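K.L.:
target-v3.cif is reproduced below (mmCIF, C-alpha atoms (C1' of nucleotides)).
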data_entry
loop_
_atom_site.label_atom_id
_atom_site.label_comp_id
_atom_site.auth_asym_id
_atom_site.auth_seq_id
_atom_site.Cartn_x
_atom_site.Cartn_y
_atom_site.Cartn_z
CA MET A 18 -19.26 -44.46 9.91
CA ARG A 19 -16.53 -42.22 11.26
CA LEU A 20 -18.82 -39.48 12.35
CA GLU A 21 -22.48 -39.45 13.40
CA PHE A 22 -24.91 -36.55 13.25
CA GLU A 23 -27.99 -36.19 15.38
CA LEU A 24 -30.52 -33.36 15.16
CA LEU A 25 -31.33 -32.30 18.73
CA LYS A 26 -33.70 -29.39 18.37
CA THR A 27 -35.16 -26.84 15.98
CA ASP A 28 -35.81 -23.21 16.88
CA HIS A 29 -39.51 -22.37 17.21
CA ASN A 30 -39.28 -19.12 15.25
CA SER A 31 -36.90 -20.00 12.43
CA PHE A 32 -35.33 -23.00 10.71
CA ALA A 33 -32.28 -22.85 13.00
CA ARG A 34 -31.12 -26.27 14.21
CA LEU A 35 -29.12 -27.53 17.15
CA GLY A 36 -27.24 -30.71 16.28
CA LYS A 37 -24.64 -33.06 17.64
CA ILE A 38 -21.71 -34.61 15.83
CA THR A 39 -20.00 -37.57 17.46
CA TYR A 40 -16.44 -38.29 16.41
CA LYS A 41 -14.09 -40.76 18.10
CA GLY A 42 -16.18 -40.62 21.25
CA LYS A 43 -16.15 -36.83 21.39
CA GLU A 44 -19.20 -34.65 20.90
CA TYR A 45 -19.27 -31.47 18.87
CA LEU A 46 -22.39 -29.34 18.69
CA THR A 47 -23.69 -27.49 15.66
CA PRO A 48 -24.06 -24.76 14.39
CA MET A 49 -20.32 -24.84 13.94
CA PHE A 50 -17.67 -22.73 12.27
CA MET A 51 -14.76 -24.58 10.64
CA PRO A 52 -11.44 -22.80 10.09
CA VAL A 53 -9.67 -23.39 6.79
CA GLY A 54 -6.24 -24.97 6.57
CA THR A 55 -5.81 -25.27 2.82
CA GLN A 56 -2.32 -26.74 2.82
CA ALA A 57 -2.71 -28.95 5.88
CA CYS A 58 -2.18 -25.98 8.17
CA VAL A 59 -4.49 -23.28 9.45
CA LYS A 60 -2.24 -20.48 8.29
CA THR A 61 0.15 -19.30 11.03
CA LEU A 62 -1.38 -21.60 13.71
CA SER A 63 -0.23 -24.75 15.44
CA PRO A 64 -2.80 -27.51 16.07
CA GLU A 65 -2.76 -26.55 19.76
CA GLU A 66 -3.61 -22.96 18.89
CA VAL A 67 -6.43 -24.13 16.62
CA LYS A 68 -7.79 -26.23 19.48
CA SER A 69 -7.50 -23.25 21.83
CA THR A 70 -10.15 -21.50 19.73
CA ASN A 71 -12.56 -24.41 20.40
CA ALA A 72 -12.85 -25.05 16.70
CA GLY A 73 -14.01 -28.60 15.93
CA ILE A 74 -13.74 -29.62 12.29
CA ILE A 75 -11.04 -28.03 10.14
CA LEU A 76 -10.73 -27.95 6.36
CA ALA A 77 -7.96 -28.92 4.01
CA ASN A 78 -7.88 -28.68 0.24
CA THR A 79 -7.64 -31.53 -2.24
CA TYR A 80 -6.28 -29.47 -5.11
CA HIS A 81 -3.47 -27.87 -3.13
CA LEU A 82 -2.39 -31.05 -1.36
CA TRP A 83 -2.56 -32.97 -4.62
CA LEU A 84 0.01 -30.57 -6.11
CA ARG A 85 2.10 -30.31 -2.96
CA PRO A 86 3.27 -32.50 -1.34
CA GLY A 87 1.14 -34.99 -3.33
CA ALA A 88 -1.60 -37.31 -2.06
CA ILE A 89 0.83 -40.24 -1.99
CA VAL A 90 3.17 -38.41 0.35
CA VAL A 91 0.31 -37.70 2.76
CA LYS A 92 -0.79 -41.33 2.51
CA LYS A 93 2.74 -42.53 3.26
CA ALA A 94 2.82 -40.17 6.24
CA GLY A 95 -0.16 -42.07 7.62
CA GLY A 96 -2.92 -39.71 6.45
CA LEU A 97 -3.67 -36.06 7.07
CA HIS A 98 -4.32 -36.40 10.81
CA LYS A 99 -0.95 -37.88 11.48
CA PHE A 100 0.86 -35.76 8.88
CA MET A 101 -0.32 -32.48 10.42
CA ASN A 102 -0.78 -33.80 13.95
CA TYR A 103 -4.43 -32.72 14.13
CA HIS A 104 -6.64 -35.42 15.58
CA GLY A 105 -10.01 -33.71 15.44
CA PRO A 106 -12.31 -34.16 12.45
CA ILE A 107 -11.03 -32.95 9.07
CA LEU A 108 -13.06 -32.13 5.97
CA THR A 109 -11.47 -31.85 2.54
CA ASP A 110 -12.81 -29.71 -0.24
CA SER A 111 -12.97 -31.53 -3.56
CA GLY A 112 -11.12 -29.02 -5.71
CA GLY A 113 -14.43 -27.90 -7.15
CA PHE A 114 -13.88 -24.35 -6.04
CA GLN A 115 -10.65 -24.25 -8.06
CA VAL A 116 -12.78 -24.99 -11.12
CA PHE A 117 -14.28 -21.61 -10.47
CA SER A 118 -11.15 -19.74 -9.42
CA LEU A 119 -8.38 -21.20 -11.58
CA SER A 120 -9.82 -22.44 -14.86
CA ASN A 121 -11.84 -21.13 -17.79
CA PRO A 122 -15.32 -22.35 -18.69
CA LYS A 123 -13.87 -23.85 -21.86
CA ASP A 124 -11.69 -26.15 -19.78
CA ILE A 125 -14.73 -27.85 -18.30
CA SER A 126 -15.83 -31.03 -20.07
CA GLU A 127 -18.00 -34.00 -19.18
CA GLU A 128 -14.88 -35.88 -18.15
CA GLY A 129 -13.69 -33.26 -15.70
CA VAL A 130 -11.76 -30.00 -15.54
CA LYS A 131 -8.43 -29.12 -17.09
CA PHE A 132 -6.21 -27.05 -14.82
CA LYS A 133 -2.96 -25.29 -15.28
CA ASN A 134 -0.92 -26.15 -12.25
CA HIS A 135 -0.48 -22.69 -10.69
CA LEU A 136 2.99 -23.64 -9.46
CA ASN A 137 4.68 -24.78 -12.67
CA GLY A 138 2.14 -24.47 -15.50
CA ASP A 139 1.71 -28.24 -16.07
CA GLU A 140 -1.65 -29.19 -17.51
CA LEU A 141 -3.68 -31.36 -15.15
CA LEU A 142 -7.06 -33.03 -15.34
CA LEU A 143 -9.21 -33.35 -12.26
CA THR A 144 -12.21 -35.67 -12.50
CA PRO A 145 -14.85 -36.76 -9.97
CA GLU A 146 -13.14 -40.14 -9.59
CA LYS A 147 -9.72 -38.58 -9.21
CA SER A 148 -10.96 -36.11 -6.61
CA ILE A 149 -12.44 -38.95 -4.56
CA ALA A 150 -9.27 -41.02 -4.91
CA ILE A 151 -7.12 -38.12 -3.71
CA GLN A 152 -9.41 -37.44 -0.77
CA GLU A 153 -9.36 -41.12 0.15
CA ALA A 154 -5.58 -41.08 0.08
CA LEU A 155 -5.56 -37.95 2.26
CA ASP A 156 -7.81 -39.83 4.70
CA SER A 157 -9.88 -36.87 5.85
CA ASP A 158 -13.14 -37.66 7.68
CA ILE A 159 -15.58 -35.84 5.44
CA ILE A 160 -14.93 -35.70 1.73
CA MET A 161 -16.74 -33.56 -0.80
CA SER A 162 -18.25 -34.45 -4.10
CA PHE A 163 -16.51 -32.87 -7.10
CA ASP A 164 -18.80 -30.10 -8.33
CA GLU A 165 -18.78 -27.25 -10.76
CA CYS A 166 -19.04 -23.95 -8.93
CA PRO A 167 -20.21 -21.38 -11.47
CA PRO A 168 -20.49 -17.68 -10.66
CA ALA A 169 -23.89 -16.71 -9.31
CA SER A 170 -24.21 -14.21 -12.13
CA ALA A 171 -24.25 -17.02 -14.72
CA SER A 172 -27.43 -17.32 -16.78
CA HIS A 173 -30.30 -19.61 -15.80
CA GLU A 174 -29.51 -21.66 -18.89
CA TYR A 175 -25.85 -22.11 -17.94
CA LEU A 176 -26.64 -22.81 -14.30
CA ASN A 177 -29.16 -25.44 -15.36
CA GLU A 178 -26.54 -27.26 -17.47
CA SER A 179 -24.06 -26.88 -14.66
CA VAL A 180 -26.46 -28.36 -12.11
CA GLN A 181 -27.03 -31.37 -14.40
CA ARG A 182 -23.30 -31.86 -14.87
CA THR A 183 -22.66 -31.58 -11.13
CA LEU A 184 -25.34 -34.26 -10.58
CA ARG A 185 -23.67 -36.60 -13.09
CA TRP A 186 -20.31 -35.96 -11.43
CA ALA A 187 -21.89 -36.62 -8.02
CA LYS A 188 -23.10 -40.05 -9.18
CA ARG A 189 -19.66 -40.90 -10.57
CA GLY A 190 -18.00 -39.79 -7.35
CA LYS A 191 -20.35 -41.82 -5.23
CA LEU A 192 -19.70 -44.90 -7.37
CA ALA A 193 -15.95 -44.41 -6.99
CA HIS A 194 -16.12 -43.92 -3.22
CA LYS A 195 -14.97 -46.99 -1.27
CA THR A 196 -13.98 -45.99 2.28
CA ASP A 197 -15.83 -45.22 5.50
CA GLN A 198 -15.21 -41.49 5.06
CA LEU A 199 -18.43 -39.47 4.93
CA LEU A 200 -19.22 -38.21 1.43
CA PHE A 201 -21.17 -34.97 1.03
CA GLY A 202 -23.08 -33.92 -2.08
CA ILE A 203 -23.23 -30.30 -3.21
CA VAL A 204 -26.32 -28.33 -4.20
CA GLN A 205 -25.87 -25.68 -6.90
CA GLY A 206 -28.28 -23.50 -8.87
CA GLY A 207 -27.48 -19.87 -8.10
CA ALA A 208 -30.34 -17.86 -6.64
CA TYR A 209 -33.02 -19.69 -8.70
CA GLU A 210 -35.54 -21.67 -6.69
CA ASP A 211 -36.35 -24.11 -9.50
CA LEU A 212 -32.65 -24.96 -9.97
CA ARG A 213 -31.86 -25.22 -6.27
CA LYS A 214 -34.92 -27.43 -5.80
CA LYS A 215 -33.98 -29.71 -8.67
CA SER A 216 -30.35 -29.83 -7.56
CA ALA A 217 -31.26 -30.59 -3.94
CA LEU A 218 -33.88 -33.24 -4.68
CA GLU A 219 -31.73 -35.04 -7.24
CA THR A 220 -28.64 -34.91 -5.03
CA VAL A 221 -30.66 -36.35 -2.15
CA LYS A 222 -31.94 -39.06 -4.48
CA ILE A 223 -28.34 -40.11 -5.17
CA GLY A 224 -27.91 -40.27 -1.41
CA PHE A 225 -25.10 -38.69 0.57
CA ASP A 226 -23.99 -38.51 4.21
CA GLY A 227 -24.47 -34.74 4.24
CA TYR A 228 -25.33 -31.90 1.91
CA ALA A 229 -23.51 -28.72 1.06
CA ILE A 230 -24.73 -25.52 -0.49
CA GLY A 231 -22.21 -24.33 -3.04
CA GLY A 232 -21.91 -21.45 -5.44
CA VAL A 233 -22.52 -18.76 -2.84
CA ALA A 234 -20.37 -15.73 -2.05
CA ASN A 235 -18.19 -16.29 -5.08
CA ASP A 236 -19.28 -13.50 -7.37
CA HIS A 237 -20.08 -10.45 -5.25
CA GLU A 238 -23.72 -11.39 -5.55
CA SER A 239 -26.14 -9.63 -3.24
CA LYS A 240 -26.71 -10.92 0.26
CA GLU A 241 -30.34 -11.35 -0.68
CA ASP A 242 -29.34 -13.81 -3.43
CA MET A 243 -27.05 -15.65 -1.03
CA TYR A 244 -29.82 -16.05 1.51
CA LYS A 245 -32.22 -17.18 -1.21
CA ALA A 246 -29.71 -19.86 -2.20
CA PHE A 247 -29.68 -21.02 1.44
CA SER A 248 -33.47 -21.11 1.77
CA TYR A 249 -34.18 -22.70 -1.60
CA SER A 250 -31.65 -25.44 -0.82
CA THR A 251 -32.30 -26.36 2.81
CA LYS A 252 -36.04 -26.50 2.11
CA TYR A 253 -35.48 -29.70 0.11
CA LEU A 254 -32.81 -31.37 2.24
CA PRO A 255 -33.42 -34.14 4.80
CA GLU A 256 -33.65 -33.16 8.47
CA ASN A 257 -31.28 -35.80 9.76
CA LYS A 258 -28.22 -34.88 7.68
CA ILE A 259 -25.66 -32.13 8.11
CA ARG A 260 -26.16 -29.04 5.94
CA TYR A 261 -23.00 -27.16 5.08
CA ALA A 262 -22.72 -23.67 3.52
CA MET A 263 -19.43 -23.67 1.66
CA GLY A 264 -17.16 -20.68 2.02
CA ILE A 265 -19.43 -18.73 4.39
CA GLY A 266 -18.71 -16.42 5.96
CA GLU A 267 -19.07 -13.11 7.52
CA PRO A 268 -20.68 -13.09 10.96
CA ILE A 269 -24.02 -11.87 9.63
CA ASP A 270 -24.01 -14.49 6.87
CA ILE A 271 -23.44 -17.25 9.40
CA ILE A 272 -26.39 -15.99 11.44
CA GLU A 273 -28.64 -15.74 8.37
CA GLY A 274 -27.49 -19.20 7.31
CA VAL A 275 -28.29 -20.71 10.69
CA ILE A 276 -31.73 -19.11 10.58
CA ARG A 277 -32.27 -20.85 7.24
CA GLY A 278 -31.32 -24.25 8.60
CA ILE A 279 -27.61 -24.57 7.93
CA ASP A 280 -25.40 -26.41 10.42
CA ILE A 281 -21.77 -25.90 9.47
CA PHE A 282 -19.75 -23.17 7.80
CA ASP A 283 -16.21 -22.62 6.68
CA CYS A 284 -14.48 -19.47 5.58
CA VAL A 285 -10.98 -18.17 4.98
CA SER A 286 -11.85 -14.72 6.20
CA PRO A 287 -10.88 -14.98 9.89
CA THR A 288 -7.34 -15.99 8.95
CA ARG A 289 -6.99 -13.90 5.80
CA LEU A 290 -8.37 -10.81 7.50
CA ALA A 291 -5.95 -11.50 10.36
CA ARG A 292 -2.98 -11.50 8.01
CA HIS A 293 -4.16 -8.16 6.70
CA GLY A 294 -4.64 -6.68 10.15
CA HIS A 295 -8.39 -6.89 10.72
CA ALA A 296 -10.18 -8.13 13.81
CA TYR A 297 -13.81 -9.04 14.41
CA THR A 298 -15.45 -7.48 17.43
CA ASN A 299 -19.03 -7.36 18.64
CA ASN A 300 -18.99 -3.70 17.67
CA GLY A 301 -17.93 -4.39 14.10
CA LYS A 302 -14.77 -5.22 12.24
CA ILE A 303 -11.75 -3.09 13.06
CA ASN A 304 -8.57 -2.42 11.12
CA ILE A 305 -5.92 -2.68 13.80
CA LYS A 306 -3.45 -0.83 11.57
CA ASN A 307 -5.48 2.36 11.98
CA ALA A 308 -3.49 5.10 13.69
CA GLN A 309 -6.11 5.38 16.44
CA TYR A 310 -4.84 2.10 17.96
CA LYS A 311 -1.20 3.15 18.18
CA GLU A 312 -1.49 3.88 21.89
CA ASP A 313 -4.54 1.76 22.68
CA PHE A 314 -3.33 -0.57 25.40
CA THR A 315 -6.65 -2.37 25.86
CA PRO A 316 -7.37 -5.80 24.37
CA ILE A 317 -9.29 -6.17 21.09
CA ASP A 318 -12.34 -7.19 23.11
CA GLU A 319 -12.53 -6.92 26.91
CA GLN A 320 -15.05 -9.79 27.06
CA CYS A 321 -13.09 -12.17 24.81
CA HIS A 322 -11.42 -15.21 26.36
CA CYS A 323 -9.00 -15.92 23.54
CA TYR A 324 -5.24 -16.07 24.07
CA ALA A 325 -4.70 -12.79 22.18
CA CYS A 326 -7.24 -10.81 24.22
CA GLN A 327 -6.15 -12.33 27.53
CA ASN A 328 -2.51 -11.39 27.03
CA PHE A 329 -1.98 -8.59 24.51
CA SER A 330 -3.10 -5.06 23.70
CA LYS A 331 -4.29 -3.57 20.43
CA ALA A 332 -1.21 -1.32 20.43
CA TYR A 333 1.11 -4.35 20.61
CA ILE A 334 -0.73 -6.36 17.96
CA ARG A 335 -0.86 -3.26 15.74
CA HIS A 336 2.87 -2.88 16.14
CA LEU A 337 3.44 -6.53 15.12
CA ILE A 338 1.19 -6.23 12.06
CA VAL A 339 2.77 -2.94 10.99
CA CYS A 340 6.24 -4.48 11.32
CA ASN A 341 5.13 -7.61 9.49
CA GLU A 342 5.92 -9.89 12.43
CA SER A 343 4.13 -13.19 11.88
CA PHE A 344 3.12 -13.36 15.54
CA GLY A 345 0.68 -10.52 14.86
CA ALA A 346 -1.14 -12.52 12.17
CA ARG A 347 -1.12 -15.47 14.53
CA LEU A 348 -2.71 -13.54 17.40
CA LEU A 349 -5.38 -12.04 15.13
CA SER A 350 -6.07 -15.45 13.57
CA ILE A 351 -6.62 -16.93 17.03
CA HIS A 352 -8.90 -14.05 17.93
CA ASN A 353 -10.93 -14.08 14.71
CA ILE A 354 -11.49 -17.84 14.73
CA ASN A 355 -12.42 -17.66 18.38
CA PHE A 356 -14.87 -14.88 17.55
CA LEU A 357 -16.69 -16.96 14.94
CA VAL A 358 -16.67 -20.07 17.11
CA THR A 359 -18.09 -18.03 19.99
CA LEU A 360 -20.71 -16.62 17.63
CA THR A 361 -21.85 -20.14 16.78
CA ASP A 362 -21.80 -21.05 20.48
CA ASN A 363 -24.11 -18.12 21.18
CA LEU A 364 -26.34 -19.30 18.36
CA LYS A 365 -26.53 -22.76 19.96
CA GLU A 366 -27.68 -21.19 23.22
CA SER A 367 -30.27 -19.06 21.50
CA ILE A 368 -31.64 -22.08 19.60
CA LYS A 369 -32.05 -23.89 22.94
CA ASN A 370 -34.05 -20.90 24.19
CA ASN A 371 -35.91 -20.24 20.92
CA LYS A 372 -34.33 -16.78 20.80
CA VAL A 373 -32.42 -16.86 17.55
CA MET A 374 -34.28 -13.93 16.02
CA GLU A 375 -33.69 -11.80 19.13
CA PHE A 376 -30.03 -12.77 19.06
CA LYS A 377 -29.77 -11.65 15.45
CA GLU A 378 -31.42 -8.27 16.14
CA ASN A 379 -29.09 -7.69 19.06
CA PHE A 380 -26.03 -8.72 17.13
CA ILE A 381 -26.85 -6.42 14.23
CA LYS A 382 -27.54 -3.51 16.58
CA ASN A 383 -24.04 -3.78 18.03
CA TYR A 384 -22.08 -4.95 15.02
CA TYR A 385 -23.31 -2.26 12.64
CA LYS A 386 -23.66 0.44 15.30
CA ASN A 387 -20.73 2.49 14.05
CA GLU A 388 -21.77 2.32 10.40
CA VAL A 389 -25.25 3.56 11.28
CA GLN A 390 -23.72 6.44 13.25
CA ASN A 391 -21.45 7.33 10.37
CA GLU A 392 -24.39 7.47 7.97
CA LYS A 393 -26.21 9.94 10.22
"C1'" G B 19 40.18 32.38 6.36
"C1'" C B 20 40.36 30.69 0.92
"C1'" G B 21 38.44 27.56 -3.05
"C1'" G B 22 34.94 23.75 -5.02
"C1'" A B 23 30.24 20.99 -4.81
"C1'" A B 24 25.40 20.54 -3.04
"C1'" U B 25 20.33 22.16 -1.01
"C1'" U B 26 13.31 19.20 -4.51
"C1'" G B 27 7.16 16.05 0.64
"C1'" G B 28 8.41 12.07 6.49
"C1'" U B 29 12.73 9.41 3.59
"C1'" G B 30 15.66 8.05 -0.99
"C1'" A B 31 15.43 10.68 -5.07
"C1'" A B 32 14.04 12.00 -10.98
"C1'" G B 33 13.25 16.35 -13.57
"C1'" U B 34 12.34 20.73 -16.93
"C1'" G B 35 12.69 28.28 -18.87
"C1'" G B 36 5.94 27.22 -20.12
"C1'" U B 37 -0.67 23.18 -18.58
"C1'" U B 38 -1.89 18.88 -12.67
"C1'" A B 39 6.88 18.19 -10.06
"C1'" A B 40 8.28 11.12 -12.22
"C1'" C B 41 9.19 6.88 -9.33
"C1'" A B 42 9.95 4.16 -4.79
"C1'" C B 43 9.61 3.57 0.44
"C1'" A B 44 7.09 5.35 4.66
"C1'" C B 45 2.50 7.25 6.13
"C1'" U B 46 -3.23 7.66 5.87
"C1'" A B 47 -7.57 5.10 4.54
"C1'" G B 48 -10.37 1.19 1.99
"C1'" A B 49 -10.95 -3.97 0.01
"C1'" U B 50 -10.67 -9.34 1.01
"C1'" U B 51 -16.58 -15.15 1.94
"C1'" G B 52 -15.21 -23.94 -0.48
"C1'" U B 53 -7.09 -19.03 0.60
"C1'" G B 54 -2.10 -18.82 -5.53
"C1'" G B 55 0.67 -15.90 2.64
"C1'" C B 56 3.09 -9.80 2.92
"C1'" U B 57 -1.76 -8.76 -2.07
"C1'" C B 58 -5.04 -5.12 -4.46
"C1'" U B 59 -7.21 0.04 -4.66
"C1'" A B 60 -7.07 5.11 -3.40
"C1'" G B 61 -4.94 9.45 -0.95
"C1'" C B 62 -0.55 12.03 0.34
"C1'" A B 63 4.91 18.54 -2.05
"C1'" U B 64 -0.57 25.13 -3.81
"C1'" G B 65 5.46 23.80 -3.96
"C1'" C B 66 11.73 22.56 -5.31
"C1'" G B 67 16.95 26.26 1.40
"C1'" U B 68 15.93 32.02 2.33
"C1'" G B 69 15.67 36.91 0.11
"C1'" G B 70 16.18 39.67 -4.23
"C1'" G B 71 16.85 40.05 -9.68
"C1'" U B 72 16.36 38.70 -15.19
"C1'" U B 73 11.94 37.07 -18.05
"C1'" C B 74 5.40 37.35 -20.77
"C1'" G B 75 6.59 33.17 -17.48
"C1'" A B 76 11.73 30.66 -12.77
"C1'" U B 77 12.16 24.64 -8.99
"C1'" C B 78 15.40 25.39 -13.46
"C1'" C B 79 19.24 31.46 -15.32
"C1'" C B 80 21.90 35.59 -12.22
"C1'" C B 81 23.27 37.86 -7.23
"C1'" A B 82 23.45 37.77 -1.91
"C1'" C B 83 22.75 35.10 2.48
"C1'" A B 84 22.09 30.46 5.27
"C1'" U B 85 23.08 25.35 5.85
"C1'" U B 86 25.73 20.78 4.55
"C1'" U B 87 30.03 18.65 2.60
"C1'" C B 88 35.04 18.13 0.39
"C1'" G B 89 39.99 20.18 -0.20
"C1'" C B 90 43.84 23.75 1.32
"C1'" C B 91 46.06 27.01 5.09
#
Would you give me this structure, written as structure tokens?
P.N.:
Amino acid sequence: MRLEFELLKTDHNSFARLGKITYKGKEYLTPMFMPVGTQACVKTLSPEEVKSTNAGIILANTYHLWLRPGAIVVKKAGGLHKFMNYHGPILTDSGGFQVFSLSNPKDISEEGVKFKNHLNGDELLLTPEKSIAIQEALDSDIIMSFDECPPASASHEYLNESVQRTLRWAKRGKLAHKTDQLLFGIVQGGAYEDLRKKSALETVKIGFDGYAIGGVANDHESKEDMYKAFSYSTKYLPENKIRYAMGIGEPIDIIEGVIRGIDIFDCVSPTRLARHGHAYTNNGKINIKNAQYKEDFTPIDEQCHCYACQNFSKAYIRHLIVCNESFGARLLSIHNINFLVTLTDNLKESIKNNKVMEFKENFIKNYYKNEVQNEK
RNA sequence: GCGGAAUUGGUGAAGUGGUUAACACACUAGAUUGUGGCUCUAGCAUGCGUGGGUUCGAUCCCCACAUUUCGCC
């Protein structure tokens, strides 16, 4: 096994968990936030800059690397780690999310999903076996089962069928899997407890090295529904395996996820928001393009230890973003990833002290302070 | 000094004797959750150089002035 997980402690007042991942002799604690590097690159950042944020695992995407440069090219390069010169743990998404974002329901069959290659229009078929084969060629450390990721607004009837299909695909993927890479199963079922329960129990029965919660935050569903999906899933998952909330999230969603027993998270938002000029702070999200920062020569966050905050002012970063200089997106990406990693570090501390609920109250008080004032 | 042309938001500009002055850029905000990397959404001239006149009605027609520009002396 490339990577071991050990549950160290559970919070006394919630389902929050402190865990330890061991990889190549190095230890990484959970809860953990994983930055996304879809095309074998965390957008705008070098591997050194990614490491400077203290991020552990990073993500790459099967679908995108399959199209470009091709799984064979990455294999010839010696695998993803060598290809992109990142030697920490890497997780690959199965392409399941692209089922949701790039295809129509009618393109989904028992065999797999038909895609139109978004680059040249070629018709492609992705199947559970193919997804596993590509991920094995990429040689990431954690690979994901190929799932269907329907919108949360789908009917109970559709979600039920979808859960069944995802289970059949999970079995096929597990059968096809031959390497020592960890294989994670994915729980679906929208915000319905019966479906999440069935999906979780059946997925566990198949037996995976970790379990993900999918189908959340993909349809502008309410936060309440998202948190239900977390609770209804983790409730039926084994204690000694990693739980992973796919595509989450915003700071508050990470906190709520941790409280409901989730260990790892990934999200594009720190890097995408960075490219669009937004920065996370403990006092809420700011848009650094706002005119009020034009002559603000203080860092984004006085307390922050990231490279951007240690060396540059809001006025300078604003200037870079306004002028479309890529260094601006890079600095904000470093800051935003660092912010989420620090958030999960703070969560680890509060789990140790059984103070997760207090931490959440405090965080909300500061983070949404300005919005509350504006409402008054 | 004489003659011609021009003058429309921060910018480049379209336009018409008749309801809310096109479009683009810039600007001002907002959005973004398993990333199709510069995207999407909204706002932004109570006014068309200034002053008069003609007209039911003028940014548009007429006159004067100002400014810019071209040519000539």
K.L.:
Leaving out C80 of chain B and any residue of its chain fewer than 4 positions from it, which residues lie within 12 Å of it when counting all atoms listed in the file, given as a PyMOL selection string?
P.N.:
chain B and resi 70-73+76
K.L.:
List the spatial neighbours of segment 20-25 of chain B as an MDAnalysis selection string - criterion: any atom at most 10 Å away, all atoms listed in the file, same-chain residues fewer than 6 positions off excluded.
P.N.:
chainID B and resid 66:67 85:91
K.L.:
Please report as JSON lines every residue of chain A lying within 6 Å of chain B, along with the nearest atom pair and their distance in Å (one decimal), using all atoms listed in the file.
P.N.:
{"residue": "A:Phe114", "atom": "CA", "partner": "B:G52", "partner_atom": "C1'", "distance": 5.7}
{"residue": "A:Ala234", "atom": "CA", "partner": "B:U51", "partner_atom": "C1'", "distance": 5.5}
{"residue": "A:Met263", "atom": "CA", "partner": "B:G52", "partner_atom": "C1'", "distance": 4.7}
{"residue": "A:Gly264", "atom": "CA", "partner": "B:G52", "partner_atom": "C1'", "distance": 4.5}
{"residue": "A:Ile265", "atom": "CA", "partner": "B:U51", "partner_atom": "C1'", "distance": 5.2}
{"residue": "A:Gly266", "atom": "CA", "partner": "B:U51", "partner_atom": "C1'", "distance": 4.7}
{"residue": "A:Val285", "atom": "CA", "partner": "B:U53", "partner_atom": "C1'", "distance": 5.9}
K.L.:
What would the selection look like, as a ChimeraX atom specification, if the PyMOL selection byres ((chain A and resi 146) around 12) were run on the coordinates I just shared?
P.N.:
/A:111-112,128-130,142-145,147-153,161-164,185-195
K.L.:
Show which residues sit within 9 Å of Leu348 of chain A, as a PyMOL selection string. Count all atoms listed in the file, and ignore same-chain residues fewer than 4 positions away.
P.N.:
chain A and resi 62+291+324-326+329+334+343-344+352-353
K.L.:
Of the candidates A:Leu136, A:Leu212, A:Val275, A:Ile89, which shows the shortest atom-to-atom distance to Glu174 of chain A, using only C-alpha atoms?
P.N.:
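Of A:Leu136, A:Leu212, A:Val275, A:Ile89, the one nearest Glu174 of chain A, counting only C-alpha atoms, is A:Leu212.
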K.L.:
Work out how far atom CA of Pro64 of chain A is from atom CA of Asp197 of chain A, in Å to one decimal.
P.N.:
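That distance, rounded to one decimal, is 24.4 Å.
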K.L.:
Got a sec: who's within 7 Å of Tyr384 of chain A, counting only C-alpha atoms (C1' of nucleotides), leaving out chain neighbours fewer than 5 positions off, as a ChimeraX atom specification?
P.N.:
/A:299-301
K.L.:
Report as an mmCIF file with C-alpha atoms (C1' of nucleotides), keeping the file's coordinate frame the residues that result from applying the PyMOL selection byres ((chain A and resi 304-307) around 9) to the structure here.
P.N.:
data_model
loop_
_atom_site.group_PDB
_atom_site.id
_atom_site.type_symbol
_atom_site.label_atom_id
_atom_site.label_comp_id
_atom_site.auth_asym_id
_atom_site.auth_seq_id
_atom_site.Cartn_x
_atom_site.Cartn_y
_atom_site.Cartn_z
ATOM 1 C CA HIS A 293 -4.160 -8.160 6.700
ATOM 2 C CA GLY A 294 -4.640 -6.680 10.150
ATOM 3 C CA HIS A 295 -8.390 -6.890 10.720
ATOM 4 C CA ALA A 296 -10.180 -8.130 13.810
ATOM 5 C CA LYS A 302 -14.770 -5.220 12.240
ATOM 6 C CA ILE A 303 -11.750 -3.090 13.060
ATOM 7 C CA ALA A 308 -3.490 5.100 13.690
ATOM 8 C CA GLN A 309 -6.110 5.380 16.440
ATOM 9 C CA TYR A 310 -4.840 2.100 17.960
ATOM 10 C CA LYS A 311 -1.200 3.150 18.180
ATOM 11 C CA ILE A 317 -9.290 -6.170 21.090
ATOM 12 C CA LYS A 331 -4.290 -3.570 20.430
ATOM 13 C CA ALA A 332 -1.210 -1.320 20.430
ATOM 14 C CA ILE A 334 -0.730 -6.360 17.960
ATOM 15 C CA ARG A 335 -0.860 -3.260 15.740
ATOM 16 C CA HIS A 336 2.870 -2.880 16.140
ATOM 17 C CA ILE A 338 1.190 -6.230 12.060
ATOM 18 C CA VAL A 339 2.770 -2.940 10.990
ATOM 19 C "C1'" U B 46 -3.230 7.660 5.870
ATOM 20 C "C1'" A B 47 -7.570 5.100 4.540
#
K.L.:
Using all atoms listed in the file - which residues lie no farther than 8 Å from the point (-12.1, -16.7, 14.1) in the file's frame? Write them as a list in words.
P.N.:
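Residues close enough to count: Pro52, Thr70, Pro287, Thr288, Tyr297, Ser350, Ile351, His352, Asn353, Ile354, Asn355, Phe356, Leu357 and Val358 of chain A.
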K.L.:
Residues at most 7 Å from segment 225-232 of chain A, counting all atoms listed in the file, excluding those fewer than 3 positions away in the same chain, as an MDAnalysis selection string?
P.N.:
chainID A and resid 166:169 199:205 207 221 235 247 250 258:263
K.L.:
Expand the PyMOL selection byres ((chain B and resi 38) around 12) into the individual residues it matches in the shown file, reporting them as a list in words.
P.N.:
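Here the PyMOL selection byres ((chain B and resi 38) around 12) matches U37, A39 and U64 of chain B.
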